[in-house]
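Participant: Questions regarding the structure given below will be posed in turn.
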Amino acid sequence: MSLIHGTCVAIGSCGVLLRGAPGSGKSDLALRLLGQAHLDAWLVADDQVQLSRRGNELWAQAPASIASLIEVRGLGIIRLDALEEVQLRLVLDLRNSADVPRLPEAATCTIDGVSLPLYPCAPFEASAPDKAALLVRVLDEDILRS
């Protein structure tokens, strides 16, 4: 089991890990994903994500001390309904818009020995929630190599 800095949201049954430096927009993007009613998105963990490996899968959940809590800049710490755990299937590395390539190369990252698709994401762009949802929808296709 490992504890990592990040935020995890479930879109349907797909866990999406949002990684980035403090202030990079992890909680902001999570909040905007949760606000998209058509996505069936749920908070799993904000700020810290506890990961456990089960075979060739990674499962994400919040540490008990922060379960169901999200930090909303300008409002404070808010309690929301949250999903207890989800299988992690996708990692988004949050970056400034200028640092996101127009046509990124296919990439993966390895966490606790499990390889996951990795995509750069500019979280403050208006389209960021739509891009995350698109990636989840086509997750089992290799859209960057087609």
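By order in the structure tokens, chains are A, B, ...; within a chain, residues start at 1; ligands start at 1, following the order shown.
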Produce a table with one row for each residue of stretch 60-108 of chain A that has an atom at most 8 Å from any atom of stretch 4-11 of chain A, each row naming the nearest atom pair and its distance in Å at one decimal; use only C-alpha atoms; arrange rows by chain and rising residue number; format as CSV.
Facilitator:
residue,atom,partner,partner_atom,distance
A:Ala60,CA,A:Cys8,CA,7.4
A:Gln61,CA,A:Cys8,CA,8.0
A:Leu83,CA,A:Ala10,CA,7.6
A:Val86,CA,A:Ala10,CA,6.5
Participant: Can those selected residues be exported to a file as an mmCIF file, in the first residue's frame so that it contains N, CA and C atoms?
Facilitator:
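Dumped to selection-v9.cif:
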data_model
loop_
_atom_site.group_PDB
_atom_site.id
_atom_site.type_symbol
_atom_site.label_atom_id
_atom_site.label_comp_id
_atom_site.auth_asym_id
_atom_site.auth_seq_id
_atom_site.Cartn_x
_atom_site.Cartn_y
_atom_site.Cartn_z
ATOM 1 N N ALA A 60 -7.700 2.736 -5.637
ATOM 2 C CA ALA A 60 -7.509 4.004 -4.946
ATOM 3 C C ALA A 60 -8.617 4.237 -3.931
ATOM 4 N N GLN A 61 -8.225 4.832 -2.813
ATOM 5 C CA GLN A 61 -9.193 5.246 -1.803
ATOM 6 C C GLN A 61 -8.578 6.394 -1.018
ATOM 7 N N LEU A 83 -17.052 8.120 -3.271
ATOM 8 C CA LEU A 83 -16.954 6.692 -3.525
ATOM 9 C C LEU A 83 -15.835 6.155 -2.639
ATOM 10 N N VAL A 86 -12.002 2.868 -5.990
ATOM 11 C CA VAL A 86 -12.169 2.681 -7.429
ATOM 12 C C VAL A 86 -10.874 2.116 -8.000
#
Participant: Can you pull out every residue from chain A that DSSP, working from the backbone, puts in helix (DSSP H, G or I), and format the result as a PDB file with C-alpha atoms, in the first residue's frame?
Facilitator:
ATOM      1  CA  LYS A  26      -6.126  19.110  -8.903  1.00  0.00           C
ATOM      2  CA  SER A  27      -9.051  19.940  -6.632  1.00  0.00           C
ATOM      3  CA  ASP A  28     -10.396  22.536  -9.062  1.00  0.00           C
ATOM      4  CA  LEU A  29     -10.520  20.048 -11.941  1.00  0.00           C
ATOM      5  CA  ALA A  30     -12.014  17.405  -9.639  1.00  0.00           C
ATOM      6  CA  LEU A  31     -14.755  19.824  -8.594  1.00  0.00           C
ATOM      7  CA  ARG A  32     -15.556  20.637 -12.229  1.00  0.00           C
ATOM      8  CA  LEU A  33     -15.688  16.933 -13.099  1.00  0.00           C
ATOM      9  CA  LEU A  34     -18.066  16.332 -10.184  1.00  0.00           C
ATOM     10  CA  ALA A  37     -24.054  15.470 -14.128  1.00  0.00           C
ATOM     11  CA  HIS A  38     -23.788  13.395 -17.316  1.00  0.00           C
ATOM     12  CA  LEU A  39     -20.413  11.942 -16.247  1.00  0.00           C
ATOM     13  CA  ALA A  64      -9.704   7.563   6.635  1.00  0.00           C
ATOM     14  CA  SER A  65      -8.799  10.960   8.116  1.00  0.00           C
ATOM     15  CA  ILE A  66      -9.734  12.839   4.911  1.00  0.00           C
ATOM     16  CA  SER A  97      -1.253  25.129 -20.990  1.00  0.00           C
ATOM     17  CA  ALA A  98       2.060  26.118 -22.574  1.00  0.00           C
ATOM     18  CA  ASP A  99       3.601  22.854 -21.318  1.00  0.00           C
ATOM     19  CA  ALA A 128     -10.309  20.057 -19.322  1.00  0.00           C
ATOM     20  CA  PRO A 129     -13.305  18.143 -17.862  1.00  0.00           C
ATOM     21  CA  ASP A 130     -14.424  17.207 -21.384  1.00  0.00           C
ATOM     22  CA  LYS A 131     -10.930  16.009 -22.293  1.00  0.00           C
ATOM     23  CA  ALA A 132     -10.758  13.862 -19.133  1.00  0.00           C
ATOM     24  CA  ALA A 133     -14.175  12.371 -19.928  1.00  0.00           C
ATOM     25  CA  LEU A 134     -13.093  11.688 -23.533  1.00  0.00           C
ATOM     26  CA  LEU A 135      -9.958   9.897 -22.349  1.00  0.00           C
ATOM     27  CA  VAL A 136     -12.050   7.702 -20.041  1.00  0.00           C
ATOM     28  CA  ARG A 137     -14.506   6.936 -22.831  1.00  0.00           C
TER      29      ARG A 137
END
Participant: Could you list, as a list of chain:residue names, every residue within 12 Å of stretch 78-80 of chain A, counting only C-alpha atoms and ignoring same-chain residues fewer than 3 positions away?
Facilitator: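 The neighbour list is A:Ser27, A:Ala30, A:Leu31, A:Leu34, A:Gly35, A:Trp42, A:Leu43, A:Val44, A:Ala45, A:Asp46, A:Ile66, A:Ala67, A:Ser68, A:Leu69, A:Ile70, A:Glu71, A:Val72, A:Arg73, A:Gly74, A:Leu75, A:Leu83, A:Glu84.
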Participant: If you keep N, CA and C atoms, can you produce a file of those selected residues as a PDB file, in the first residue's frame?
Facilitator:
ATOM      1  N   SER A  27      -7.725  19.862  -7.252  1.00  0.00           N
ATOM      2  CA  SER A  27      -9.051  19.940  -6.632  1.00  0.00           C
ATOM      3  C   SER A  27     -10.027  20.716  -7.506  1.00  0.00           C
ATOM      4  N   ALA A  30     -11.133  18.413 -10.250  1.00  0.00           N
ATOM      5  CA  ALA A  30     -12.014  17.405  -9.639  1.00  0.00           C
ATOM      6  C   ALA A  30     -13.403  17.990  -9.409  1.00  0.00           C
ATOM      7  N   LEU A  31     -13.468  19.180  -8.870  1.00  0.00           N
ATOM      8  CA  LEU A  31     -14.755  19.824  -8.594  1.00  0.00           C
ATOM      9  C   LEU A  31     -15.546  20.035  -9.886  1.00  0.00           C
ATOM     10  N   LEU A  34     -16.919  16.715 -11.017  1.00  0.00           N
ATOM     11  CA  LEU A  34     -18.066  16.332 -10.184  1.00  0.00           C
ATOM     12  C   LEU A  34     -19.321  17.102 -10.581  1.00  0.00           C
ATOM     13  N   GLY A  35     -19.152  18.298 -11.102  1.00  0.00           N
ATOM     14  CA  GLY A  35     -20.283  19.129 -11.494  1.00  0.00           C
ATOM     15  C   GLY A  35     -20.892  18.758 -12.835  1.00  0.00           C
ATOM     16  N   TRP A  42     -17.563  10.854  -9.240  1.00  0.00           N
ATOM     17  CA  TRP A  42     -17.563  10.841  -7.772  1.00  0.00           C
ATOM     18  C   TRP A  42     -16.173  11.163  -7.246  1.00  0.00           C
ATOM     19  N   LEU A  43     -16.124  11.896  -6.172  1.00  0.00           N
ATOM     20  CA  LEU A  43     -14.868  12.101  -5.464  1.00  0.00           C
ATOM     21  C   LEU A  43     -14.447  10.772  -4.847  1.00  0.00           C
ATOM     22  N   VAL A  44     -13.169  10.454  -4.944  1.00  0.00           N
ATOM     23  CA  VAL A  44     -12.614   9.309  -4.231  1.00  0.00           C
ATOM     24  C   VAL A  44     -11.679   9.828  -3.144  1.00  0.00           C
ATOM     25  N   ALA A  45     -10.741  10.699  -3.513  1.00  0.00           N
ATOM     26  CA  ALA A  45      -9.785  11.232  -2.539  1.00  0.00           C
ATOM     27  C   ALA A  45      -9.238  12.561  -3.032  1.00  0.00           C
ATOM     28  N   ASP A  46      -9.041  13.482  -2.110  1.00  0.00           N
ATOM     29  CA  ASP A  46      -8.440  14.771  -2.451  1.00  0.00           C
ATOM     30  C   ASP A  46      -7.207  14.988  -1.592  1.00  0.00           C
ATOM     31  N   ILE A  66      -9.269  11.806   5.856  1.00  0.00           N
ATOM     32  CA  ILE A  66      -9.734  12.839   4.911  1.00  0.00           C
ATOM     33  C   ILE A  66     -10.813  12.312   3.962  1.00  0.00           C
ATOM     34  N   ALA A  67     -11.367  11.155   4.266  1.00  0.00           N
ATOM     35  CA  ALA A  67     -12.408  10.575   3.400  1.00  0.00           C
ATOM     36  C   ALA A  67     -13.576  11.545   3.270  1.00  0.00           C
ATOM     37  N   SER A  68     -14.079  11.712   2.058  1.00  0.00           N
ATOM     38  CA  SER A  68     -15.230  12.564   1.724  1.00  0.00           C
ATOM     39  C   SER A  68     -14.943  14.057   1.819  1.00  0.00           C
ATOM     40  N   LEU A  69     -13.685  14.450   1.966  1.00  0.00           N
ATOM     41  CA  LEU A  69     -13.342  15.870   2.083  1.00  0.00           C
ATOM     42  C   LEU A  69     -12.600  16.344   0.838  1.00  0.00           C
ATOM     43  N   ILE A  70     -12.907  17.577   0.433  1.00  0.00           N
ATOM     44  CA  ILE A  70     -12.198  18.213  -0.680  1.00  0.00           C
ATOM     45  C   ILE A  70     -11.939  19.662  -0.299  1.00  0.00           C
ATOM     46  N   GLU A  71     -10.759  20.153  -0.664  1.00  0.00           N
ATOM     47  CA  GLU A  71     -10.431  21.547  -0.413  1.00  0.00           C
ATOM     48  C   GLU A  71     -10.879  22.372  -1.616  1.00  0.00           C
ATOM     49  N   VAL A  72     -11.763  23.313  -1.363  1.00  0.00           N
ATOM     50  CA  VAL A  72     -12.261  24.191  -2.416  1.00  0.00           C
ATOM     51  C   VAL A  72     -11.716  25.582  -2.130  1.00  0.00           C
ATOM     52  N   ARG A  73     -10.786  25.997  -2.985  1.00  0.00           N
ATOM     53  CA  ARG A  73     -10.141  27.305  -2.778  1.00  0.00           C
ATOM     54  C   ARG A  73     -11.201  28.400  -2.675  1.00  0.00           C
ATOM     55  N   GLY A  74     -11.089  29.190  -1.648  1.00  0.00           N
ATOM     56  CA  GLY A  74     -12.034  30.281  -1.417  1.00  0.00           C
ATOM     57  C   GLY A  74     -13.221  29.883  -0.553  1.00  0.00           C
ATOM     58  N   LEU A  75     -13.438  28.578  -0.373  1.00  0.00           N
ATOM     59  CA  LEU A  75     -14.536  28.098   0.482  1.00  0.00           C
ATOM     60  C   LEU A  75     -14.028  27.341   1.692  1.00  0.00           C
ATOM     61  N   LEU A  83     -17.052   8.120  -3.271  1.00  0.00           N
ATOM     62  CA  LEU A  83     -16.954   6.692  -3.525  1.00  0.00           C
ATOM     63  C   LEU A  83     -15.835   6.155  -2.639  1.00  0.00           C
ATOM     64  N   GLU A  84     -16.065   5.016  -2.023  1.00  0.00           N
ATOM     65  CA  GLU A  84     -15.081   4.468  -1.093  1.00  0.00           C
ATOM     66  C   GLU A  84     -13.785   4.053  -1.791  1.00  0.00           C
TER      67      GLU A  84
END
Participant: Write out as a list in words the residues lying within 9 Å of stretch 110-113 of chain A, counting only C-alpha atoms and excluding same-chain residues fewer than 6 positions away.
Facilitator: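 The filter keeps Met1, Ser2, Leu51, Ser52, Arg53, Asn56 and Leu58 of chain A.
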Participant: Could you take the residues named above and write them with N, CA and C atoms, as a PDB file, in the first residue's frame?
Facilitator:
ATOM      1  N   MET A   1       0.849  -1.181   0.000  1.00  0.00           N
ATOM      2  CA  MET A   1       0.000   0.000   0.000  1.00  0.00           C
ATOM      3  C   MET A   1       0.889   1.237   0.000  1.00  0.00           C
ATOM      4  N   SER A   2       0.523   2.229  -0.787  1.00  0.00           N
ATOM      5  CA  SER A   2       1.302   3.464  -0.815  1.00  0.00           C
ATOM      6  C   SER A   2       0.374   4.669  -0.745  1.00  0.00           C
ATOM      7  N   LEU A  51      -3.139   3.961  -2.349  1.00  0.00           N
ATOM      8  CA  LEU A  51      -3.196   2.978  -3.421  1.00  0.00           C
ATOM      9  C   LEU A  51      -2.826   1.597  -2.898  1.00  0.00           C
ATOM     10  N   SER A  52      -3.579   0.610  -3.335  1.00  0.00           N
ATOM     11  CA  SER A  52      -3.241  -0.772  -2.995  1.00  0.00           C
ATOM     12  C   SER A  52      -3.270  -1.599  -4.271  1.00  0.00           C
ATOM     13  N   ARG A  53      -2.274  -2.448  -4.392  1.00  0.00           N
ATOM     14  CA  ARG A  53      -2.166  -3.300  -5.576  1.00  0.00           C
ATOM     15  C   ARG A  53      -2.908  -4.603  -5.314  1.00  0.00           C
ATOM     16  N   ASN A  56      -2.754  -7.298 -10.928  1.00  0.00           N
ATOM     17  CA  ASN A  56      -2.214  -6.304 -11.856  1.00  0.00           C
ATOM     18  C   ASN A  56      -3.032  -5.025 -11.868  1.00  0.00           C
ATOM     19  N   LEU A  58      -4.449  -1.442  -9.658  1.00  0.00           N
ATOM     20  CA  LEU A  58      -4.281  -0.516  -8.541  1.00  0.00           C
ATOM     21  C   LEU A  58      -5.648  -0.015  -8.132  1.00  0.00           C
TER      22      LEU A  58
END
Participant: Do a neighbour search on stretch 119-123 of chain A at 6 Å with only C-alpha atoms, toss out local chain neighbours closer than 3 positions, and write the hits as a list in words.
Facilitator: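 So the residues in contact are Gly25, Leu29, Leu92, Asp93, Leu94, Arg95, Asn96, Ser97, Val100 and Ala128 of chain A.
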Participant: Would you save the residues of that selection, restricted to C-alpha atoms, as a PDB file, in the first residue's frame?
Facilitator:
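Result file selection_24.pdb:
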ATOM      1  CA  GLY A  25      -5.536  22.659 -10.121  1.00  0.00           C
ATOM      2  CA  LEU A  29     -10.520  20.048 -11.941  1.00  0.00           C
ATOM      3  CA  LEU A  92      -3.421  12.962 -15.740  1.00  0.00           C
ATOM      4  CA  ASP A  93      -0.313  15.064 -15.123  1.00  0.00           C
ATOM      5  CA  LEU A  94      -1.484  18.630 -14.573  1.00  0.00           C
ATOM      6  CA  ARG A  95       0.586  21.317 -16.270  1.00  0.00           C
ATOM      7  CA  ASN A  96       0.386  24.855 -17.562  1.00  0.00           C
ATOM      8  CA  SER A  97      -1.253  25.129 -20.990  1.00  0.00           C
ATOM      9  CA  VAL A 100       0.972  20.561 -22.863  1.00  0.00           C
ATOM     10  CA  ALA A 128     -10.309  20.057 -19.322  1.00  0.00           C
TER      11      ALA A 128
END
Participant: I need the strand (DSSP E) residues of chain A per DSSP on the backbone, written as a count of residues only.
Facilitator: 62
Participant: So which one's closest to A:Val114, A:Ala126, A:Leu88, A:Ala21, A:Leu139? Using only C-alpha atoms, please.
Facilitator: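 Ranking A:Ala126, A:Leu88, A:Ala21, A:Leu139 by distance to A:Val114, first place goes to A:Leu88.
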Participant: One decimal, in Å: what's the spacing between atom CA of A:Gly15 and atom CA of A:Trp59?
Facilitator: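 Taking atom CA of A:Gly15 and atom CA of A:Trp59, their separation equals 8.1 Å.
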Participant: For each of A:Gly55, A:Pro22, A:Pro117, A:Pro63, take the minimum atom-to-atom distance to A:Val91, counting only C-alpha atoms, then give the residue where this is smallest.
Facilitator: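 Checking each candidate against A:Val91, we get A:Pro117 as the closest.
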Participant: Give the answer as one residue: which of A:Ala41, A:Gln50, A:Val16, A:Glu105 has the shortest atom-to-atom distance to A:Ala82, using only C-alpha atoms?
Facilitator: A:Ala41
